[in-house]
Amino acid sequence: NGDAANPACSGIEGVLEAYHRSLRSVQLYGPTNFAPVVNHVARSAAAVLDGSQYFVLLIITDGVISDMAQTKEAIVNAAKLPMSIIIVGVGQAEFDGKGGSGGPPQAWGFQSG
């Protein structure tokens with residue numbers, strides 16, 4: 001939302017408002033490191049395990065993930081927390097998930113079923 005001290009958005013309206021604001025002010029460039037933001041949101045989610053809050057991290061990127069190994073580790077570590085992570089690739093970059101070792105979710109440490 002542009003506020004590093006309080007980065008939360010409330011509801012879909014808050015997400016859309018933050019997205020539209022960022023279109024006017026954010027300049028995209030590399031490297032594209034996701035692990036720090038995943039870990040940041042995971043810390044917030046870990047602090048509220050009573051079911052009163054659920055966190056959704058929406059990342060919109062125009063670049064391939066530069067820290068794939070660290071991002072995979074952060075996602076696996078956050079898997080049991082009350083949070084979802086959505087990564088949307090825009091533009092011409094290759095978003096096939098093969099950056100680093102890639103592979104299906106099982107290769108990331110998730111169990112199906």
# chains A, B, ... in the order shown; residues from 1 in each chain; ligands from 1
>>> residues_around(residues="His40 in chain A", least_positions_apart="6", cutoff="12 Å", atoms="only C-alpha atoms", output="list of chain:residue names")
A:Ala4, A:Ala5, A:Asn6, A:Pro7, A:Ala8, A:Phe34, A:Ala46, A:Ala47, A:Phe55, A:Leu57, A:Thr71, A:Ala74, A:Ile75, A:Ala78, A:Met83
>>> write_last_selection(atoms="N, CA and C atoms", output="mmCIF file, in the first residue's frame")
data_model
loop_
_atom_site.group_PDB
_atom_site.id
_atom_site.type_symbol
_atom_site.label_atom_id
_atom_site.label_comp_id
_atom_site.auth_asym_id
_atom_site.auth_seq_id
_atom_site.Cartn_x
_atom_site.Cartn_y
_atom_site.Cartn_z
ATOM 1 N N ALA A 4 5.354 1.598 4.530
ATOM 2 C CA ALA A 4 6.222 0.553 5.073
ATOM 3 C C ALA A 4 5.945 0.284 6.546
ATOM 4 N N ALA A 5 5.491 1.284 7.275
ATOM 5 C CA ALA A 5 5.215 1.115 8.704
ATOM 6 C C ALA A 5 3.929 0.337 8.943
ATOM 7 N N ASN A 6 2.972 0.436 8.025
ATOM 8 C CA ASN A 6 1.693 -0.260 8.142
ATOM 9 C C ASN A 6 1.269 -0.738 6.756
ATOM 10 N N PRO A 7 1.857 -1.845 6.270
ATOM 11 C CA PRO A 7 1.647 -2.246 4.876
ATOM 12 C C PRO A 7 0.342 -2.997 4.590
ATOM 13 N N ALA A 8 -0.533 -3.118 5.552
ATOM 14 C CA ALA A 8 -1.752 -3.904 5.363
ATOM 15 C C ALA A 8 -2.782 -3.166 4.524
ATOM 16 N N PHE A 34 11.780 -12.207 -3.504
ATOM 17 C CA PHE A 34 10.499 -12.344 -2.832
ATOM 18 C C PHE A 34 10.625 -12.829 -1.395
ATOM 19 N N ALA A 46 2.242 -15.297 11.922
ATOM 20 C CA ALA A 46 2.622 -16.134 13.066
ATOM 21 C C ALA A 46 2.251 -15.469 14.392
ATOM 22 N N ALA A 47 2.104 -14.148 14.380
ATOM 23 C CA ALA A 47 1.766 -13.427 15.606
ATOM 24 C C ALA A 47 0.269 -13.492 15.917
ATOM 25 N N PHE A 55 -4.081 -13.646 6.354
ATOM 26 C CA PHE A 55 -3.241 -12.773 5.548
ATOM 27 C C PHE A 55 -3.165 -13.288 4.115
ATOM 28 N N LEU A 57 -0.954 -12.445 0.724
ATOM 29 C CA LEU A 57 0.150 -11.711 0.109
ATOM 30 C C LEU A 57 -0.013 -11.823 -1.396
ATOM 31 N N THR A 71 13.089 -18.075 -1.616
ATOM 32 C CA THR A 71 11.638 -17.890 -1.711
ATOM 33 C C THR A 71 10.920 -19.208 -1.472
ATOM 34 N N ALA A 74 11.017 -19.914 2.207
ATOM 35 C CA ALA A 74 10.097 -19.035 2.934
ATOM 36 C C ALA A 74 8.648 -19.505 2.764
ATOM 37 N N ILE A 75 8.286 -19.920 1.552
ATOM 38 C CA ILE A 75 6.923 -20.388 1.294
ATOM 39 C C ILE A 75 6.653 -21.687 2.041
ATOM 40 N N ALA A 78 6.123 -21.009 5.638
ATOM 41 C CA ALA A 78 4.870 -20.292 5.922
ATOM 42 C C ALA A 78 3.627 -21.137 5.646
ATOM 43 N N MET A 83 -2.182 -17.848 6.097
ATOM 44 C CA MET A 83 -1.863 -16.923 5.008
ATOM 45 C C MET A 83 -1.875 -17.651 3.670
#
>>> closest_residue(among="A:Ile86, A:Val56, A:Val64, A:Val38", to="Ile12 in chain A", atoms="only C-alpha atoms")
A:Val56
>>> select_by_dssp(residues="chain A", states="strand (DSSP E)", output="list of chain:residue names")
A:Phe55, A:Val56, A:Leu57, A:Leu58, A:Ile59, A:Ile60, A:Thr61, A:Met83, A:Ser84, A:Ile85, A:Ile86, A:Ile87, A:Val88, A:Gly89
>>> residues_around(residues="Asp67 in chain A", least_positions_apart="3", cutoff="12 Å", atoms="only C-alpha atoms", output="ChimeraX atom specification")
/A:30-38,63-64,70-74,99-102
>>> select_by_dssp(residues="range 23-65 of chain A", states="helix (DSSP H, G or I)", output="list in words")
Leu23, Arg24, Ser25, Ala35, Pro36, Val37, Val38, Asn39, His40, Val41, Ala42, Arg43, Ser44, Ala45 and Ala46 of chain A
>>> write_last_selection(atoms="all heavy atoms", output="CSV table (one decimal), in the first residue's frame")
chain,number,residue,atom,x,y,z
A,23,LEU,N,0.7,1.8,-9.4
A,23,LEU,CA,0.9,1.9,-10.8
A,23,LEU,C,1.5,3.3,-11.1
A,23,LEU,O,2.3,3.5,-12.1
A,23,LEU,CB,-0.4,1.7,-11.6
A,23,LEU,CG,-0.9,0.3,-11.7
A,23,LEU,CD1,-2.2,0.3,-12.4
A,23,LEU,CD2,0.1,-0.6,-12.4
A,24,ARG,N,1.1,4.3,-10.3
A,24,ARG,CA,1.6,5.7,-10.5
A,24,ARG,C,3.0,6.0,-9.9
A,24,ARG,O,3.6,6.9,-10.3
A,24,ARG,CB,0.6,6.7,-10.0
A,24,ARG,CG,-0.7,6.6,-10.7
A,24,ARG,CD,-1.7,7.7,-10.2
A,24,ARG,NE,-2.0,7.6,-8.8
A,24,ARG,CZ,-3.0,7.0,-8.3
A,24,ARG,NH1,-3.8,6.3,-9.1
A,24,ARG,NH2,-3.2,7.0,-7.0
A,25,SER,N,3.4,5.1,-8.9
A,25,SER,CA,4.6,5.5,-8.2
A,25,SER,C,5.7,4.5,-8.2
A,25,SER,O,6.8,4.8,-7.8
A,25,SER,CB,4.2,5.8,-6.7
A,25,SER,OG,3.6,4.6,-6.1
A,35,ALA,N,11.7,-13.5,-1.1
A,35,ALA,CA,11.8,-14.1,0.3
A,35,ALA,C,11.6,-13.1,1.4
A,35,ALA,O,10.9,-13.4,2.4
A,35,ALA,CB,13.1,-14.9,0.4
A,36,PRO,N,12.2,-11.9,1.3
A,36,PRO,CA,12.1,-10.9,2.4
A,36,PRO,C,10.6,-10.5,2.6
A,36,PRO,O,10.2,-10.5,3.8
A,36,PRO,CB,12.9,-9.7,1.9
A,36,PRO,CG,13.9,-10.3,1.0
A,36,PRO,CD,13.2,-11.4,0.3
A,37,VAL,N,9.8,-10.3,1.6
A,37,VAL,CA,8.4,-10.0,1.8
A,37,VAL,C,7.6,-11.2,2.3
A,37,VAL,O,6.7,-11.0,3.1
A,37,VAL,CB,7.8,-9.3,0.5
A,37,VAL,CG1,7.6,-10.3,-0.6
A,37,VAL,CG2,6.5,-8.6,0.9
A,38,VAL,N,7.9,-12.4,1.8
A,38,VAL,CA,7.2,-13.6,2.3
A,38,VAL,C,7.5,-13.7,3.8
A,38,VAL,O,6.5,-14.0,4.6
A,38,VAL,CB,7.6,-14.8,1.5
A,38,VAL,CG1,7.0,-16.1,2.1
A,38,VAL,CG2,7.1,-14.7,0.0
A,39,ASN,N,8.7,-13.6,4.1
A,39,ASN,CA,9.1,-13.7,5.6
A,39,ASN,C,8.4,-12.7,6.4
A,39,ASN,O,8.0,-12.9,7.6
A,39,ASN,CB,10.6,-13.7,5.7
A,39,ASN,CG,11.2,-15.0,5.2
A,39,ASN,OD1,10.6,-16.1,5.3
A,39,ASN,ND2,12.4,-14.9,4.7
A,40,HIS,N,8.3,-11.4,5.9
A,40,HIS,CA,7.7,-10.3,6.6
A,40,HIS,C,6.3,-10.6,6.9
A,40,HIS,O,5.8,-10.5,8.1
A,40,HIS,CB,7.9,-9.0,5.9
A,40,HIS,CG,7.2,-7.9,6.5
A,40,HIS,ND1,7.8,-7.2,7.6
A,40,HIS,CD2,6.0,-7.3,6.3
A,40,HIS,CE1,7.0,-6.2,8.0
A,40,HIS,NE2,5.9,-6.3,7.2
A,41,VAL,N,5.5,-11.1,5.9
A,41,VAL,CA,4.1,-11.4,6.1
A,41,VAL,C,3.9,-12.6,7.0
A,41,VAL,O,3.0,-12.7,7.8
A,41,VAL,CB,3.4,-11.6,4.7
A,41,VAL,CG1,2.0,-12.0,4.9
A,41,VAL,CG2,3.4,-10.2,3.9
A,42,ALA,N,4.8,-13.6,6.8
A,42,ALA,CA,4.8,-14.8,7.7
A,42,ALA,C,5.0,-14.4,9.2
A,42,ALA,O,4.3,-15.0,10.0
A,42,ALA,CB,5.8,-15.8,7.2
A,43,ARG,N,5.9,-13.5,9.4
A,43,ARG,CA,6.0,-13.1,10.8
A,43,ARG,C,4.7,-12.4,11.4
A,43,ARG,O,4.3,-12.7,12.5
A,43,ARG,CB,7.2,-12.1,11.0
A,43,ARG,CG,8.6,-12.8,11.0
A,43,ARG,CD,9.7,-11.8,11.3
A,43,ARG,NE,9.8,-10.7,10.4
A,43,ARG,CZ,10.5,-10.7,9.3
A,43,ARG,NH1,11.1,-11.8,8.9
A,43,ARG,NH2,10.6,-9.6,8.5
A,44,SER,N,4.1,-11.7,10.5
A,44,SER,CA,2.8,-11.1,11.0
A,44,SER,C,1.7,-12.1,11.2
A,44,SER,O,1.0,-12.1,12.2
A,44,SER,CB,2.3,-10.1,9.9
A,44,SER,OG,3.2,-9.0,9.8
A,45,ALA,N,1.7,-13.1,10.3
A,45,ALA,CA,0.7,-14.2,10.4
A,45,ALA,C,1.0,-15.1,11.6
A,45,ALA,O,0.1,-15.5,12.3
A,45,ALA,CB,0.7,-15.0,9.1
A,46,ALA,N,2.2,-15.3,11.9
A,46,ALA,CA,2.6,-16.1,13.1
A,46,ALA,C,2.3,-15.5,14.4
A,46,ALA,O,2.1,-16.2,15.4
A,46,ALA,CB,4.1,-16.4,13.0
